[in-house]
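To start, the structure under review is shown below, and the notes come after it.
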Amino acid sequence: MEPIIIDLTKNSNYNAHKIDSSISFRKFISFIEKKTDEAETVKKTFFGMVLDKLKGNPAFSGDVPLQDIPQFREQLDLIYGLVVPPVADEKQVYWALSVPVSPIVFYGTPGFYNLVTEKSTGLLRCDLIDESGVTARQKVRMLYSFVLERLYHFPPVYQKDMIITLNDEKSGLQKYYRLNIDNSFCDVYAKGSLPELDLDELRKEMQESFDINVFAQLLPDDLFRFEGFSVITLTDVTAEHAVENIKNAILDRSSNDPNTYFKFIASSLKMLVEDSYIDFGLVPVLKVNNKLVFDRSAVLYSKLMQAATQDDHAEEMYLNMANHYFQQPKVLFMRTLDGEDEKGKDFIRVLKNDGVEAYALLPVYYDNKVVGLLEVYSREQKAMSEKVLSKLDPALPLIAQIMKNHSDEFNSKIDNVIREKFTSLQPAVQWRFRETAWHYLRDQLVNPQSAVIENIQFRNVYPLYGAIDIRNSTVERNIALKEDLKLQFNSLIETFTILKQRLGFGLADEMIFKCRKWVEEINENSTDNDEMKVKDFLENEAHPFLRHFKEDSLEESGFTPGAAVATEARLIEVIDKYFEIIDEQKGAGYANRRALEASMQMINSSVNLYLDLFRKEIQLSYPCYFEKFRTDGIEYDIYIGQAIEPEKKFSELYLKNIRLWQLTSMAAIARITNSLVPQMVKALETTQLIFIHSSSIDISFRDDERRFDVEGAYNIRYQVIKKRIDKVRIKGTGERLTQPGKIALVYFNAKSAEEYVGYIRYLQGNNTLQDNLEYLDLEELQGVTGLKALRIGVNLDSGWD
């Protein structure tokens with residue numbers, strides 16, 4: 001214990017401090033006198049001895065100048081012995097005495113001085129009372145609370161903990177300490193008459209904003225004099241702070257990207273174990289249909305998975321290891337990997353190759369179920385111990401919450417994909433389904449027998465319909481089918497011919513005859529019905545015939561063993577070659593159909609991707625319902641109106657905006673599909689069609705089909721028209737309206753057409769559309785007359801985004 005004088009504000013001169021204060025031990029001596037009078041045990045004798053020592057030097061009972069403090073080391077040691085338990089280690093106790101309500105320390109434990117000063121230089125390591133920071137504000141608040149409590153009998157005010165931060169010299173990590181200033185042995189005196197104060201207003205001010213300037217005007221510092229001493233205690237709260245950091249990170253998860261979030265959690269765990277050489281990884285348990293899955297987005301958070309990706313077998317290793325481990329999860333701790341046998345343990349080899357020296361795996365539980373694994377590892381030898389793992393205990397429930405949240409987010413992503421890609425329950429209308437579900441639950445509580453699900457309707461919404469069709473897809477499919485079948489039957493004829501030559505089997509002639517008849521029919525025509533008949537012939541006649549001669553022993557046919565073996569080998573080779581040709585994945589007998597499907601898939605994937613972007617962008621202006629349908633190409637319906645979003649006022653400006661977006665998107669899709677042609681195995685083109693419907697309609701959700709459909713006789717007419725216009729022809733010419741590289745816009749109302757003409761002129765002006773607008777009359781369709789159309793070419797060669 002040393003009476004060393006230091007100013008904890010680091011930069012200020014304590015002699016120039018504005019607070020009038022003096023060191024006095026009178027109140028402490030009075031406190032001990034009272035304890036002596038009250039004591040009835042051996043403490044009475046002890047307190048009496050202490051009092052004799054404290055009063056032995058009369059100068060100690062008066063005001064003690066700061067510079068004279070070193071003369072009273074024995075008395076100060078006694079104060080320490082009375083205040084701090086004798087079993088405490090002075091090097092681990094951060095305790096000191098200071099000038100009353102002042103940052104001037106004059107006596108403290110070695111632990112305190114070592115903590116706040118640099119060992120090499122003796123200079124102050126930190127500013128415990130940062131004059132510009134939060135700690136200074138808290139100290140001033142404490143000062144005024146002390147004055148109000150002692151002189152105005154003001155009730156004690158709740159004070160937040162004062163926390164200071166230090167960099168640990170050993171680990172280099174931040175450590176946190178709670179600063180407590182005990183003014184029990186301080187007194188305050190007014191130098192003049194006390195000002196009258198509105199205590200209720202002051203309490204409100206102190207609890208809410210606490211403006212220092214307001215209090216400085218009401219209670220200026222020079223109005224008071226302080227006597228006594230303050231007791232300063234620093235308590236290591238690094239572990240508490242680390243846990244609190246993790247709690248706050250969980251609550252504020254949405255503010256950080258996953259990478260930043262994980263790094264913050266890992267740094268907080270390092271702070272908790274107080275070792276910069278220890279690192280951490282998180283492995284959430286993710287399941288689909290109750291089966292473990294490997295999520296590559298989580299690789300970033302796991303040391304083992306990061307290391308395994310270098311060998312390109314992270315998924316296989318994780319699933320094999322996880323399926324085995326979760327049968328009986330337990331703590332896996334390897335103080336060092338040097339002595340671990342790699343046989344049958346790929347993960348040990350992977351970790352060693354990545355430079356890991358020690359590794360531990362801790363199962364993390366939420367609601368008694370394993371929700372993830374916490375990895376603890378180090379690249380330093382002898383850095384890991386059971387003590388390190390035990391320090392993590394306070395954080396494990398929070399790590400479990402993080403794992404559970406990650407699992408919930410993963411499942412939510414799965415649900416969102418299902419909702420967006422496979423159902424009609426989109427965010428724009430989800431509120432209505434939730435409302436209906438609530439009404440059903442509410443009615444069930446009142447009368448379970450009569451509770452029914454309400455019909456979900458949206459009235460007076462404006463429809464927009466668009467279709468991107470692959471040109472001549474049916475024709476191209478028939479051509480591909482013919483070419484593949486011709487090749488397949490020619491190969492089959494060749495196989496049966498060899499079969500007849502080798503075995504002299506008469507039925508082979510009949511099969512050859514049937515195959516040639518099928519080739520003639522395929523050359524003449526091919527329909528879906530014919531395709532089914534062909535399939536029936538192949539599967540029920542031709543293929544069983546070939547498999548019989550491949551599988552049965554040929555030695556029973558009368559050949560000598562040597563000849564039988566040679567013949568059998570040749571026939572098996574020929575038959576296997578045929579079945580290789582008709583393999584759907586690789587065989588030449590499906591090459592044309594595969595090429596066609598690959599090209600169609602390329603178009604539909606690109607169009608789908610663009611429409612998804614289109615859907616997200618139009619939602620920004622006004623929520624709307626957007627539904628896609630897969631045909632040979634893609635069709636979509638958009639519904640927009642006040643009923644979709646009751647909380648936001650609808651205007652026709654939103655409708656006009658989305659109509660312009662629709663036309664622009666069709667031009668973009670025409671360009672996209674045209675740019676794909678050089679990449680396609682089978683070159684295909686698309687046509688773009690828009691149906692302009694000027695009036696609003698009503699739609700309702702059909703439970704049987706799980707989708708929205710139009711409602712009412714007039715509205716059904718809209719549905720009929722849009723289903724029939726895809727192959728409509730221009731009146732008097734027989735030409736198809738839809739053409740590659742162009743956008744066709746079908747309409748009834750001339751006023752609606754004028755609106756779109758304006759959009760066309762705008763897009764022509766920015767070089768998106770060509771200057772070849774056509775006004776066309778269309779042929780009559782079944783039950784539909786008077787249709788007209790606009791047709792405009794897309795500038796496929798201009799630069800575009």
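Letters A, B, ... mark the chains of the structure tokens in the order given; residue numbers begin at 1 per chain; ligand numbers begin at 1, in order shown.
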Considering only C-alpha atoms, return as number ranges by chain whatever protein or nucleic-acid residues lie within 12 Å of A:Lys616, sequence-local ones (same chain, fewer than 4 positions apart) excluded.
-> A: 420, 426-428, 609-612, 620-626, 658, 661
Looking only at strand (DSSP E or B) from DSSP on the backbone, list the matching residues of stretch 143-191 of chain A as a PyMOL selection string.
-> chain A and resi 162-167+174-182+186-190
So what do you get for atom CA of A:Leu234 versus atom CA of A:Ile79, distance-wise?
-> 17.6 Å
Identify, on the basis of only C-alpha atoms, every residue whose closest approach to A:Tyr578 does not exceed 12 Å; exclude the query and any residue fewer than 2 positions from it along the same chain; express the result as a list in words.
->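 Those residues are Leu487, Gln488, Phe489, Asn490, Ser491, Leu492, Ile493, Glu494, Thr495, Phe496, Ile498, Ala542, His543, Leu546, Arg547, Lys550, Leu571, Ile572, Glu573, Val574, Ile575, Asp576, Glu580, Ile581, Ile582, Asp583, Gly587, Ala588 and Gly589 of chain A.
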Which polymer residues have any atom within 12 Å of an atom of A:Glu652, counting only C-alpha atoms, with same-chain residues fewer than 5 positions away left out, as a PyMOL selection string?
-> chain A and resi 461-462+622+640-642+657-659+694-696
Please run DSSP on the backbone and report, as an MDAnalysis selection string, all residues within stretch 184-333 of chain A that come out as alpha helix (DSSP H).
-> chainID A and resid 199:207 212:218 238:251 258:273 303:309 314:325
Can you tell me, as a list of chain:residue names, what residues are no more than 10 Å from A:Asp252 when counting only C-alpha atoms, ignoring any on the same chain fewer than 5 positions away?
->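 Contacts, in chain order: A:Ile246, A:Lys247, A:Tyr261.
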With a cut-off of 12 Å, could you pull out the residues of stretch 648-684 of chain A touching stretch 735-746 of chain A and give me the nearest pair of atoms for each, distance in Å to one decimal, using only C-alpha atoms, ordered by chain and ascending number, as a tab-separated table?
residue	atom	partner	partner_atom	distance
A:Arg659	CA	A:Leu745	CA	11.5
A:Gln662	CA	A:Ile743	CA	11.0
A:Leu663	CA	A:Ile743	CA	8.3
A:Thr664	CA	A:Ile743	CA	10.2
A:Ser665	CA	A:Ile743	CA	10.6
A:Met666	CA	A:Ile743	CA	7.1
A:Ala667	CA	A:Ile743	CA	7.3
A:Ala668	CA	A:Gly741	CA	10.6
A:Ile669	CA	A:Gly741	CA	9.7
A:Ala670	CA	A:Gly741	CA	6.0
A:Arg671	CA	A:Gly741	CA	7.8
A:Ile672	CA	A:Gly741	CA	10.5
A:Thr673	CA	A:Gly741	CA	9.2
A:Asn674	CA	A:Gly741	CA	7.6
A:Ser675	CA	A:Gly741	CA	11.1
A:Leu684	CA	A:Pro740	CA	9.6
Counting only C-alpha atoms, the residue among A:Tyr366, A:Asp168, A:Asn766, A:Leu151 that lies closest to A:Leu396 is A:Tyr366
Quick one, how far is atom CA of A:Arg73 from atom CA of A:Ile4?
->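 Pair atom CA of A:Arg73 / atom CA of A:Ile4 returns 10.4 Å.
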Selection near stretch 208-222 of chain A, 10 Å with only C-alpha atoms, sequence-local residues under 5 positions removed, as a PyMOL selection string | chain A and resi 18-20+137-138+140-141+143-144+147-148+190-191+194-197+202-203
Near A:Phe112, counting only C-alpha atoms, which residues have an atom at most 8 Å away, once you skip same-chain residues fewer than 3 positions from it, shown as a list of chain:residue names?
->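 In the requested format, the answer is A:Lys91, A:Val93, A:Tyr94, A:Trp95, A:Ala96, A:Gly108, A:Thr109, A:Leu115, A:Val116, A:Leu234.
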Dump of C-alpha atoms for the selected residues, as an mmCIF file, in the first residue's frame:
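Ended up saving to selection.cif:
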data_model
loop_
_atom_site.group_PDB
_atom_site.id
_atom_site.type_symbol
_atom_site.label_atom_id
_atom_site.label_comp_id
_atom_site.auth_asym_id
_atom_site.auth_seq_id
_atom_site.Cartn_x
_atom_site.Cartn_y
_atom_site.Cartn_z
ATOM 1 C CA LYS A 91 -2.630 -6.896 -6.071
ATOM 2 C CA VAL A 93 -8.094 -5.347 -5.373
ATOM 3 C CA TYR A 94 -8.564 -2.037 -7.201
ATOM 4 C CA TRP A 95 -9.218 0.324 -4.270
ATOM 5 C CA ALA A 96 -8.133 3.890 -3.476
ATOM 6 C CA GLY A 108 -4.440 2.999 -2.913
ATOM 7 C CA THR A 109 -3.668 -0.673 -3.374
ATOM 8 C CA LEU A 115 -4.159 -0.879 -13.299
ATOM 9 C CA VAL A 116 -4.334 2.867 -13.912
ATOM 10 C CA LEU A 234 -12.834 -0.510 -9.577
#
Suppose you want the space between atom CA of A:Lys53 and atom CA of A:Gln75; what is it in Å?
->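 Atom-to-atom, atom CA of A:Lys53 and atom CA of A:Gln75 are spaced 6.9 Å apart.
If you measure from each of A:Gly793, A:Met49, A:Phe708, A:Asn180 to A:Pro463 using only C-alpha atoms, the closest one turns out to be A:Phe708.
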May I ask which of the residues A:Ser193, A:Phe433, A:Ile638, A:Met206 is the closest one to A:Pro156, counting only C-alpha atoms?
-> A:Met206
Which residue, A:Arg593, A:Arg471, A:Arg379, A:Arg729, has the smallest gap to A:Glu685 when you use only C-alpha atoms?
->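 Smallest distance to A:Glu685 is found for A:Arg471.
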